[in-house]
file final_20.tsv (TSV, C-alpha atoms and all ligand atoms)
chain	number	residue	atom	x	y	z
R	1138	MET	CA	213.62	67.59	93.45
R	1139	ILE	CA	212.24	64.13	94.30
R	1140	ASN	CA	214.83	61.64	95.58
R	1141	VAL	CA	214.29	58.09	94.39
R	1142	LEU	CA	216.58	55.37	95.73
R	1143	PHE	CA	217.05	52.38	93.44
R	1144	ALA	CA	217.65	49.51	95.87
R	1145	ALA	CA	216.67	46.56	93.68
R	1146	GLY	CA	220.26	45.43	93.21
R	1147	ALA	CA	223.33	46.26	91.13
R	1148	GLY	CA	222.47	43.65	88.50
R	1149	ARG	CA	219.17	45.32	87.65
R	1150	TRP	CA	220.50	48.88	87.78
R	1151	PRO	CA	221.67	49.25	84.15
R	1152	ASP	CA	218.24	48.36	82.73
R	1153	TYR	CA	216.37	50.63	85.13
R	1154	ALA	CA	218.95	53.44	84.86
R	1155	GLU	CA	217.97	53.54	81.20
R	1156	ALA	CA	214.20	53.00	81.46
R	1157	LEU	CA	213.27	54.87	84.64
R	1158	PRO	CA	214.56	58.40	83.89
R	1159	LYS	CA	212.67	58.29	80.59
R	1160	ALA	CA	209.40	57.22	82.24
R	1161	LEU	CA	209.83	59.73	85.09
R	1162	ALA	CA	210.44	62.56	82.62
R	1163	GLU	CA	207.39	61.49	80.58
R	1164	ALA	CA	205.35	61.69	83.80
R	1165	GLY	CA	206.60	65.27	84.25
R	1166	LEU	CA	208.59	64.41	87.38
R	1167	ASN	CA	211.85	66.08	88.36
R	1168	VAL	CA	213.69	63.20	89.99
R	1169	ASP	CA	217.16	62.50	91.28
R	1170	LEU	CA	217.41	58.73	90.75
R	1171	SER	CA	220.38	57.13	92.43
R	1172	ARG	CA	221.61	54.00	94.16
R	1173	ASP	CA	223.13	56.17	96.87
R	1174	HIS	CA	220.95	58.77	98.62
R	1175	ALA	CA	221.26	59.63	102.31
R	1176	PRO	CA	218.41	57.61	103.91
R	1177	GLU	CA	216.60	60.55	105.53
R	1178	THR	CA	216.42	62.38	102.15
R	1179	VAL	CA	214.77	59.52	100.25
R	1180	ASP	CA	211.19	60.08	99.03
R	1181	TYR	CA	210.64	56.74	97.28
R	1182	ILE	CA	212.45	53.39	97.28
R	1183	VAL	CA	212.37	51.00	94.32
R	1184	THR	CA	213.25	47.63	95.76
R	1185	ALA	CA	213.29	43.85	95.45
R	1186	PRO	CA	213.13	41.27	98.28
R	1187	SER	CA	216.86	40.53	98.02
R	1188	GLY	CA	217.69	44.20	97.38
R	1189	ASP	CA	220.17	46.62	98.92
R	1190	VAL	CA	217.91	47.87	101.74
R	1191	GLN	CA	216.90	45.41	104.42
R	1192	ASP	CA	216.51	47.92	107.28
R	1193	TYR	CA	213.91	50.51	106.29
R	1194	ARG	CA	213.93	52.39	109.63
R	1195	PRO	CA	216.36	55.19	108.59
R	1196	TYR	CA	214.12	56.11	105.58
R	1197	THR	CA	211.97	58.41	107.68
R	1198	SER	CA	210.63	60.57	104.79
R	1199	CYS	CA	209.93	57.67	102.43
R	1200	LYS	CA	206.38	57.84	101.06
R	1201	LEU	CA	206.35	54.50	99.25
R	1202	VAL	CA	208.41	51.36	98.87
R	1203	GLN	CA	207.77	50.04	95.37
R	1204	ASN	CA	208.63	46.37	94.93
R	1205	ILE	CA	209.60	45.36	91.40
R	1206	TRP	CA	208.28	41.83	91.94
R	1207	ALA	CA	204.64	40.72	91.93
R	1208	GLY	CA	205.13	38.34	94.87
R	1209	VAL	CA	205.75	40.04	98.22
R	1210	GLU	CA	205.75	37.20	100.76
R	1211	ASN	CA	209.45	37.72	101.57
R	1212	ILE	CA	209.21	41.47	101.90
R	1213	THR	CA	206.03	41.65	104.02
R	1214	GLU	CA	207.86	39.65	106.68
R	1215	ASN	CA	210.36	42.50	107.19
R	1216	PRO	CA	209.33	44.17	110.49
R	1217	THR	CA	211.33	47.36	109.69
R	1218	LEU	CA	209.24	48.06	106.61
R	1219	THR	CA	206.41	50.20	107.93
R	1220	GLN	CA	206.10	52.52	104.91
R	1221	PRO	CA	203.32	51.86	102.34
R	1222	LEU	CA	204.40	48.96	100.12
R	1223	ALA	CA	203.30	48.48	96.50
R	1224	ARG	CA	203.78	45.28	94.53
R	1225	MET	CA	204.45	45.20	90.80
R	1226	VAL	CA	201.65	44.88	88.28
R	1227	ASP	CA	203.43	45.27	84.96
R	1228	PRO	CA	201.92	44.72	81.50
R	1229	GLY	CA	205.18	43.07	80.40
R	1230	LEU	CA	205.12	40.68	83.36
R	1231	THR	CA	201.48	39.84	82.66
R	1232	GLN	CA	202.14	39.21	78.97
R	1233	GLY	CA	205.07	36.91	79.83
R	1234	MET	CA	202.90	34.90	82.21
R	1235	VAL	CA	200.11	34.60	79.65
R	1236	GLU	CA	202.65	33.26	77.14
R	1237	TRP	CA	204.17	30.73	79.61
R	1238	VAL	CA	200.77	29.49	80.78
R	1239	THR	CA	199.34	29.28	77.26
R	1240	GLY	CA	202.41	27.47	75.94
R	1241	HIS	CA	202.46	24.87	78.71
R	1242	THR	CA	198.69	24.42	78.59
R	1243	LEU	CA	198.84	23.75	74.84
R	1244	ARG	CA	201.80	21.37	75.26
R	1245	HIS	CA	199.71	19.13	77.48
R	1246	HIS	CA	196.42	19.72	75.69
R	1247	LEU	CA	197.85	18.76	72.30
R	1248	GLY	CA	199.97	15.92	73.68
R	1249	MET	CA	203.04	17.43	72.04
R	1250	ASP	CA	205.45	15.24	74.04
R	1251	LEU	CA	204.17	12.17	72.26
R	1252	HIS	CA	205.60	13.46	69.00
R	1253	ILE	CA	208.63	15.33	70.35
R	1254	HIS	CA	209.92	12.27	72.24
R	1255	GLY	CA	208.48	9.65	69.91
R	1256	GLN	CA	210.56	10.06	66.74
R	1257	ASP	CA	210.97	6.30	66.48
R	1258	GLY	CA	209.13	5.29	63.31
R	1259	VAL	CA	205.86	4.56	65.12
R	1260	TRP	CA	202.82	6.23	63.50
R	1261	ARG	CA	200.96	7.46	66.64
R	1262	ASP	CA	197.73	8.75	65.14
R	1263	PHE	CA	196.36	10.14	68.40
R	1264	VAL	CA	194.04	13.09	67.76
R	1265	PRO	CA	193.76	15.41	70.76
R	1266	PRO	CA	190.33	16.67	71.82
R	1267	LEU	CA	189.40	20.23	71.00
R	1268	ALA	CA	189.95	22.90	73.63
R	1269	TRP	CA	186.26	23.09	74.43
R	1270	ASP	CA	186.41	19.49	75.73
R	1271	ARG	CA	189.31	20.23	78.10
R	1272	PRO	CA	188.20	21.85	81.36
R	1273	VAL	CA	190.81	24.20	82.76
R	1274	THR	CA	190.85	25.79	86.21
R	1275	VAL	CA	192.85	28.83	87.29
R	1276	LEU	CA	193.37	29.37	91.02
R	1277	GLY	CA	193.96	33.08	91.66
R	1278	LEU	CA	192.27	35.65	89.47
R	1279	GLY	CA	194.43	38.69	90.09
R	1280	ALA	CA	196.52	40.59	87.55
R	1281	LEU	CA	198.10	37.39	86.22
R	1282	GLY	CA	195.42	34.74	86.77
R	1283	SER	CA	192.64	36.81	85.21
R	1284	ALA	CA	194.72	37.53	82.08
R	1285	CYS	CA	195.60	33.83	81.72
R	1286	ALA	CA	192.00	32.72	82.33
R	1287	ALA	CA	190.69	35.20	79.74
R	1288	THR	CA	193.27	34.09	77.14
R	1289	LEU	CA	192.55	30.39	77.65
R	1290	ALA	CA	188.80	31.05	77.48
R	1291	GLY	CA	189.44	32.95	74.25
R	1292	LEU	CA	191.15	29.83	72.86
R	1293	GLY	CA	187.98	27.88	73.55
R	1294	PHE	CA	188.79	26.09	76.81
R	1295	PRO	CA	185.94	25.90	79.33
R	1296	VAL	CA	187.68	27.88	82.10
R	1297	ARG	CA	186.76	28.00	85.76
R	1298	GLY	CA	188.51	30.40	88.11
R	1299	TRP	CA	188.74	30.83	91.86
R	1300	ALA	CA	189.60	33.85	94.00
R	1301	ARG	CA	188.98	35.09	97.52
R	1302	SER	CA	186.34	37.59	96.47
R	1303	ALA	CA	183.70	37.45	93.73
R	1304	THR	CA	185.40	38.17	90.38
R	1305	THR	CA	183.91	38.60	86.92
R	1306	ILE	CA	185.84	37.67	83.77
R	1307	ASP	CA	184.13	37.38	80.39
R	1308	GLY	CA	183.78	33.74	79.36
R	1309	VAL	CA	185.08	32.37	82.68
R	1310	GLU	CA	182.97	30.66	85.34
R	1311	THR	CA	184.19	32.01	88.65
R	1312	PHE	CA	183.97	30.83	92.24
R	1313	ALA	CA	184.88	32.61	95.45
R	1314	GLY	CA	186.10	31.76	98.92
R	1315	PRO	CA	186.86	28.46	100.62
R	1316	GLY	CA	183.44	27.05	99.70
R	1317	GLY	CA	184.07	27.61	95.99
R	1318	LEU	CA	187.37	25.74	95.76
R	1319	SER	CA	186.05	22.22	95.30
R	1320	ARG	CA	183.53	23.42	92.71
R	1321	ALA	CA	186.34	25.11	90.79
R	1322	LEU	CA	188.60	22.03	90.89
R	1323	ASP	CA	186.08	19.23	90.42
R	1324	GLY	CA	186.97	17.27	87.27
R	1325	ALA	CA	189.53	19.82	86.02
R	1326	GLN	CA	191.98	18.44	83.46
R	1327	ILE	CA	194.48	21.31	83.64
R	1328	VAL	CA	194.96	23.40	86.80
R	1329	ILE	CA	197.00	26.59	86.88
R	1330	LEU	CA	198.17	28.02	90.20
R	1331	LEU	CA	198.47	31.81	90.25
R	1332	LEU	CA	197.81	32.50	93.92
R	1333	PRO	CA	200.10	34.49	96.19
R	1334	LEU	CA	201.76	32.58	99.02
R	1335	THR	CA	200.00	33.31	102.31
R	1336	GLU	CA	199.06	31.22	105.31
R	1337	ALA	CA	195.66	30.66	103.66
R	1338	THR	CA	197.09	29.39	100.36
R	1339	ARG	CA	200.02	27.27	101.63
R	1340	HIS	CA	199.45	23.64	100.50
R	1341	ILE	CA	196.17	24.59	98.86
R	1342	MET	CA	196.88	21.63	96.56
R	1343	ASN	CA	197.02	18.69	98.94
R	1344	THR	CA	195.80	15.09	99.05
R	1345	GLU	CA	192.17	16.19	99.28
R	1346	THR	CA	192.18	18.86	96.59
R	1347	LEU	CA	194.37	16.83	94.19
R	1348	ALA	CA	191.81	14.01	94.45
R	1349	LEU	CA	189.16	16.33	92.98
R	1350	LEU	CA	190.97	16.56	89.63
R	1351	ALA	CA	190.19	14.38	86.63
R	1352	PRO	CA	192.27	11.24	86.09
R	1353	GLY	CA	195.35	12.21	84.08
R	1354	ALA	CA	195.06	15.89	85.08
R	1355	VAL	CA	197.99	18.24	84.69
R	1356	ILE	CA	199.09	20.92	87.17
R	1357	LEU	CA	200.97	24.03	86.12
R	1358	ASN	CA	202.49	25.97	89.00
R	1359	PRO	CA	203.95	29.36	88.11
R	1360	GLY	CA	202.65	30.80	91.44
R	1361	ARG	CA	204.74	29.77	94.44
R	1362	GLY	CA	206.24	26.39	95.40
R	1363	PRO	CA	204.55	25.96	98.80
R	1364	LEU	CA	201.09	26.24	97.19
R	1365	ILE	CA	201.54	22.49	96.63
R	1366	ASP	CA	202.13	19.82	99.26
R	1367	ASN	CA	204.99	18.06	97.47
R	1368	ASP	CA	204.50	14.70	99.20
R	1369	ALA	CA	200.85	14.70	98.15
R	1370	LEU	CA	201.82	15.68	94.62
R	1371	LEU	CA	204.43	12.91	94.30
R	1372	ALA	CA	201.88	10.40	95.60
R	1373	ALA	CA	199.19	11.63	93.16
R	1374	LEU	CA	201.65	11.45	90.25
R	1375	GLU	CA	202.03	7.71	90.96
R	1376	ASP	CA	198.62	7.02	89.46
R	1377	GLN	CA	195.99	9.76	89.28
R	1378	LEU	CA	197.84	12.75	87.80
R	1379	GLY	CA	199.27	12.98	84.30
R	1380	HIS	CA	201.96	15.61	84.77
R	1381	ALA	CA	203.12	18.58	86.81
R	1382	THR	CA	204.97	21.50	85.22
R	1383	LEU	CA	206.56	23.45	88.03
R	1384	ASP	CA	208.28	26.83	87.79
R	1385	VAL	CA	208.52	27.61	91.52
R	1386	PHE	CA	209.70	25.57	94.49
R	1387	GLU	CA	209.95	25.56	98.29
R	1388	THR	CA	213.73	25.91	97.86
R	1389	GLU	CA	215.15	27.78	94.88
R	1390	PRO	CA	217.28	26.91	93.03
R	1391	LEU	CA	215.75	23.43	93.21
R	1392	PRO	CA	218.52	21.23	94.72
R	1393	PRO	CA	220.18	18.95	92.10
R	1394	ASP	CA	219.18	15.78	94.00
R	1395	HIS	CA	215.50	16.75	94.29
R	1396	PRO	CA	213.18	13.99	93.01
R	1397	PHE	CA	211.38	16.44	90.70
R	1398	TRP	CA	214.39	16.68	88.37
R	1399	ALA	CA	214.37	13.01	87.35
R	1400	HIS	CA	210.63	12.40	87.67
R	1401	PRO	CA	209.17	11.30	84.33
R	1402	LYS	CA	205.91	13.14	85.03
R	1403	VAL	CA	207.44	16.42	86.20
R	1404	THR	CA	208.80	19.29	84.13
R	1405	VAL	CA	210.95	21.82	85.97
R	1406	THR	CA	211.36	25.36	84.69
R	1407	PRO	CA	213.70	27.54	86.80
R	1408	HIS	CA	211.39	30.34	88.02
R	1409	ILE	CA	211.32	31.91	84.58
R	1410	ALA	CA	207.57	31.84	83.92
R	1411	SER	CA	207.59	35.60	83.79
R	1412	GLU	CA	209.75	38.50	84.83
R	1413	THR	CA	209.13	42.17	85.39
R	1414	ARG	CA	210.18	44.03	82.23
R	1415	PRO	CA	212.02	47.26	83.05
R	1416	ARG	CA	210.59	49.26	80.14
R	1417	THR	CA	206.93	48.69	81.05
R	1418	ALA	CA	207.58	48.50	84.81
R	1419	ALA	CA	209.26	51.93	84.70
R	1420	THR	CA	205.96	53.46	83.57
R	1421	VAL	CA	204.17	51.82	86.50
R	1422	ILE	CA	206.79	53.09	88.98
R	1423	ALA	CA	206.61	56.61	87.52
R	1424	GLU	CA	202.82	56.59	87.78
R	1425	ASN	CA	202.96	55.65	91.46
R	1426	ILE	CA	205.49	58.42	92.18
R	1427	ARG	CA	203.27	60.87	90.30
R	1428	ARG	CA	200.38	59.77	92.48
R	1429	GLY	CA	202.47	60.24	95.61
R	1430	GLU	CA	203.36	63.76	94.55
R	1431	THR	CA	199.79	64.75	93.68
R	1432	GLY	CA	198.09	63.13	96.68
R	1433	ALA	CA	196.33	60.49	94.57
R	1434	PRO	CA	196.06	56.97	96.04
R	1435	PHE	CA	198.93	54.63	95.18
R	1436	LEU	CA	198.30	51.72	92.84
R	1437	HIS	CA	198.78	48.07	93.85
R	1438	LEU	CA	199.29	48.64	97.56
R	1439	VAL	CA	199.93	45.49	99.56
R	1440	ASP	CA	197.38	44.75	102.26
R	1441	ARG	CA	199.57	43.72	105.21
R	1442	ALA	CA	196.67	41.86	106.85
R	1443	SER	CA	196.06	39.52	103.91
R	1444	GLY	CA	199.78	39.38	102.98
R	1445	TYR	CA	199.44	40.28	99.29
I	1501	LIG	P1	197.27	39.39	92.62
I	1501	LIG	O1	196.88	40.36	91.57
I	1501	LIG	O2	197.50	39.85	94.02
I	1501	LIG	O3	196.16	38.24	92.61
I	1501	LIG	C1	196.07	37.28	93.60
I	1501	LIG	C2	194.82	36.46	93.37
I	1501	LIG	O4	194.82	35.39	94.32
I	1501	LIG	C3	193.54	37.26	93.57
I	1501	LIG	O5	192.56	36.80	92.68
I	1501	LIG	C4	193.16	36.88	95.01
I	1501	LIG	O6	191.80	36.99	95.27
I	1501	LIG	C5	193.57	35.43	95.03
I	1501	LIG	N1	193.74	34.94	96.40
I	1501	LIG	C6	194.63	35.34	97.32
I	1501	LIG	N2	194.46	34.67	98.47
I	1501	LIG	C7	193.42	33.82	98.26
I	1501	LIG	C8	192.76	32.89	99.07
I	1501	LIG	N3	193.10	32.67	100.34
I	1501	LIG	N4	191.72	32.21	98.53
I	1501	LIG	C9	191.35	32.42	97.25
I	1501	LIG	N5	191.94	33.31	96.42
I	1501	LIG	C10	192.96	34.00	96.93
I	1501	LIG	O7	198.61	38.62	92.20
I	1501	LIG	P2	199.22	38.43	90.72
I	1501	LIG	O8	199.92	39.64	90.29
I	1501	LIG	O9	198.18	37.85	89.84
I	1501	LIG	O10	200.34	37.33	91.03
I	1501	LIG	C11	200.00	36.05	91.57
I	1501	LIG	C12	201.27	35.36	92.05
I	1501	LIG	O11	202.03	34.91	90.93
I	1501	LIG	C13	202.25	36.25	92.81
I	1501	LIG	O12	201.86	36.38	94.17
I	1501	LIG	C14	203.54	35.50	92.68
I	1501	LIG	O13	203.65	34.60	93.76
I	1501	LIG	C15	203.36	34.69	91.38
I	1501	LIG	N6	204.29	35.13	90.32
I	1501	LIG	C16	205.16	34.23	89.79
I	1501	LIG	C17	206.02	34.59	88.77
I	1501	LIG	C18	206.94	33.59	88.13
I	1501	LIG	O14	207.78	33.94	87.32
I	1501	LIG	N7	206.81	32.32	88.44
I	1501	LIG	C19	206.02	35.89	88.28
I	1501	LIG	C20	205.14	36.81	88.86
I	1501	LIG	C21	204.27	36.42	89.87
I	1501	LIG	P3	191.12	38.40	95.70
I	1501	LIG	O15	191.52	39.38	94.62
I	1501	LIG	O16	189.69	38.11	95.71
I	1501	LIG	O17	191.72	38.79	97.01
call {"tool": "encode", "arguments": {"input": "final_20.tsv", "output": "structure tokens"}}
result
Amino acid sequence: MINVLFAAGAGRWPDYAEALPKALAEAGLNVDLSRDHAPETVDYIVTAPSGDVQDYRPYTSCKLVQNIWAGVENITENPTLTQPLARMVDPGLTQGMVEWVTGHTLRHHLGMDLHIHGQDGVWRDFVPPLAWDRPVTVLGLGALGSACAATLAGLGFPVRGWARSATTIDGVETFAGPGGLSRALDGAQIVILLLPLTEATRHIMNTETLALLAPGAVILNPGRGPLIDNDALLAALEDQLGHATLDVFETEPLPPDHPFWAHPKVTVTPHIASETRPRTAATVIAENIRRGETGAPFLHLVDRASGY
């Protein structure tokens, strides 16, 4: 019997209590899934950064800690977590992010606000350019960024993408490493941030990098709040930038008196760009446990040195 501790919180338990046993059985695994195993008997922990386990030291037999979130910056900081750590790459999460990014890209591309807010009898016959005249840049070409870049390229946008290492995506012009950043951003009209938060990516959008964007450019940030230097963003929104649609913030929930809420060129969405979906995530968790039991390498392991 394999003991799996579900430590991702009471609120998430009902969904996973339904989805996980099914996926584990389909993977041929004989598992005792519980929220309450004796620590030394636990083989696998399914967790979340704010989950039930914060001290991982008593879990001496644990082969893998599987995070149910894609972002791991809060969990990698836990010095008691020395077991292998996997982050979540979930088809449902990816699909949700593609939908959020595509929807907000098209809102700005088509100038939808003009008509949504302009029901005042004025015939505004503004015709938006076609997608192929709207350069889009995606920073971060991992599970989420590459899917978004490919979808936007499929819609006809000229898409540039940037990652740490050389990445190939059909129909997307890609750049790598610090030297490639300015080439990826130069003249971009819509920029999408899908980088993890690490020391290397903190404030990647700052006065210098924001100045590379086209006049009237739009930033979408479903990545992490501190990817943007907020003071530089607010200054750039004064004249150069057209809009910022922000899903993630340095402090969440975003405090009610934060200038972003009332800013006419900022849209706030409350960290809902995409969520892990228990049904599809359960399959991913089951696959990693199957790998652990058969000696195959785990999927989506976090590299502690790079922080993601
Ligand atoms: P991922 O698969 O780990 O991809 C990360 C990408 O960022 C990779 O292309 C990586 O390049 C690149 N990168 C990392 N550090 C870099 C650096 N210093 N310079 C250039 N490129 C760098 O992550 P993911 O699953 O796509 O998720 C991305 C982020 O989205 C998560 O970390 C999380 O913060 C955020 N997220 C937000 C929500 C939401 O609802 N708002 C939901 C899920 C995730 P290499 O592959 O070359 O290393």
call {"tool": "residues_near_ligand", "arguments": {"input": "final_20.tsv", "ligand": "ligand LIG 1501 (chain I)", "cutoff": "8 Å", "atoms": "all atoms listed in the file", "output": "PyMOL selection string"}}
result
chain R and resi 1206-1210+1225-1226+1230-1231+1234+1276-1283+1299-1304+1313-1315+1318+1330-1338+1358-1361+1384-1385+1408-1413+1443+1445
call {"tool": "residues_around", "arguments": {"input": "final_20.tsv", "residues": "Phe1435 in chain R", "least_positions_apart": "3", "cutoff": "12 Å", "atoms": "only C-alpha atoms", "output": "PyMOL selection string"}}
result
chain R and resi 1200-1203+1221-1225+1421-1432+1438-1439
call {"tool": "closest_residue", "arguments": {"input": "final_20.tsv", "among": "R:Phe1294, R:Trp1398, R:Phe1312, R:Tyr1181", "to": "Met1138 in chain R", "atoms": "only C-alpha atoms"}}
result
R:Tyr1181
call {"tool": "residues_around", "arguments": {"input": "final_20.tsv", "residues": "Thr1406 in chain R", "least_positions_apart": "6", "cutoff": "12 Å", "atoms": "all atoms listed in the file", "output": "NGL selection string"}}
result
:R and (1237 or 1241 or 1357-1359 or 1362 or 1381-1386 or 1389-1391 or 1397-1398)
call {"tool": "closest_residue", "arguments": {"input": "final_20.tsv", "among": "R:Pro1216, R:Gly1248, R:Gly1229, R:Gly1316", "to": "His1380 in chain R", "atoms": "only C-alpha atoms"}}
result
R:Gly1248
call {"tool": "residues_around", "arguments": {"input": "final_20.tsv", "residues": "range 1153-1160 of chain R", "least_positions_apart": "6", "cutoff": "7 Å", "atoms": "all atoms listed in the file", "output": "PyMOL selection string"}}
result
chain R and resi 1415-1416+1419-1420+1423
call {"tool": "residues_near_point", "arguments": {"input": "final_20.tsv", "point": "(212.3, 52.2, 91.7)", "cutoff": "7 Å", "atoms": "all atoms listed in the file", "output": "list in words"}}
result
Val1141, Leu1142, Phe1143, Ile1182, Val1183, Thr1184, Gln1203 and Ile1422 of chain R
call {"tool": "atom_distance", "arguments": {"input": "final_20.tsv", "atom1": "CA of Asp1270 in chain R", "atom2": "CA of Ala1325 in chain R"}}
result
10.8 Å
call {"tool": "build_atoms", "arguments": {"input": "final_20.tsv", "residues": "range 1248-1256 of chain R", "atoms": "all heavy atoms", "output": "short mmCIF file (atom, residue, chain, number, x, y, z; two decimals), in the frame of the given file"}}
result
data_model
loop_
_atom_site.label_atom_id
_atom_site.label_comp_id
_atom_site.auth_asym_id
_atom_site.auth_seq_id
_atom_site.Cartn_x
_atom_site.Cartn_y
_atom_site.Cartn_z
N GLY R 1248 199.15 17.13 73.56
CA GLY R 1248 199.97 15.92 73.68
C GLY R 1248 201.25 16.03 72.88
O GLY R 1248 201.70 15.07 72.25
N MET R 1249 201.86 17.20 72.88
CA MET R 1249 203.04 17.43 72.04
C MET R 1249 204.20 16.48 72.36
O MET R 1249 204.97 16.12 71.47
CB MET R 1249 203.53 18.87 72.23
CG MET R 1249 202.63 19.92 71.62
SD MET R 1249 203.41 21.54 71.87
CE MET R 1249 202.12 22.61 71.31
N ASP R 1250 204.30 16.08 73.64
CA ASP R 1250 205.45 15.24 74.04
C ASP R 1250 205.47 13.92 73.26
O ASP R 1250 206.53 13.39 72.96
CB ASP R 1250 205.37 14.91 75.54
CG ASP R 1250 205.64 16.14 76.39
OD1 ASP R 1250 205.49 17.26 75.87
OD2 ASP R 1250 205.98 15.97 77.57
N LEU R 1251 204.28 13.45 72.97
CA LEU R 1251 204.17 12.17 72.26
C LEU R 1251 204.97 12.22 70.96
O LEU R 1251 205.63 11.25 70.58
CB LEU R 1251 202.68 11.94 71.95
CG LEU R 1251 202.25 10.58 71.48
CD1 LEU R 1251 202.47 9.55 72.57
CD2 LEU R 1251 200.75 10.63 71.10
N HIS R 1252 204.92 13.34 70.30
CA HIS R 1252 205.60 13.46 69.00
C HIS R 1252 207.03 13.96 69.16
O HIS R 1252 207.93 13.54 68.43
CB HIS R 1252 204.78 14.38 68.09
CG HIS R 1252 203.36 13.94 68.00
ND1 HIS R 1252 202.99 12.75 67.42
CD2 HIS R 1252 202.21 14.47 68.50
CE1 HIS R 1252 201.68 12.58 67.55
NE2 HIS R 1252 201.18 13.62 68.19
N ILE R 1253 207.27 14.81 70.16
CA ILE R 1253 208.63 15.33 70.35
C ILE R 1253 209.56 14.20 70.79
O ILE R 1253 210.68 14.09 70.31
CB ILE R 1253 208.62 16.48 71.39
CG1 ILE R 1253 207.87 17.70 70.81
CG2 ILE R 1253 210.05 16.89 71.79
CD1 ILE R 1253 207.55 18.79 71.80
N HIS R 1254 209.07 13.34 71.72
CA HIS R 1254 209.92 12.27 72.24
C HIS R 1254 209.74 10.96 71.47
O HIS R 1254 210.44 10.00 71.73
CB HIS R 1254 209.64 12.02 73.73
CG HIS R 1254 209.86 13.24 74.55
ND1 HIS R 1254 211.07 13.90 74.58
CD2 HIS R 1254 209.03 13.95 75.37
CE1 HIS R 1254 210.97 14.96 75.39
NE2 HIS R 1254 209.75 15.02 75.86
N GLY R 1255 208.80 10.93 70.54
CA GLY R 1255 208.48 9.65 69.91
C GLY R 1255 208.92 9.55 68.47
O GLY R 1255 208.24 8.97 67.64
N GLN R 1256 210.08 10.10 68.13
CA GLN R 1256 210.56 10.06 66.74
C GLN R 1256 211.22 8.70 66.48
O GLN R 1256 212.43 8.60 66.24
CB GLN R 1256 211.57 11.20 66.52
CG GLN R 1256 210.98 12.58 66.74
CD GLN R 1256 209.94 12.96 65.69
OE1 GLN R 1256 210.22 12.90 64.50
NE2 GLN R 1256 208.76 13.33 66.11
#
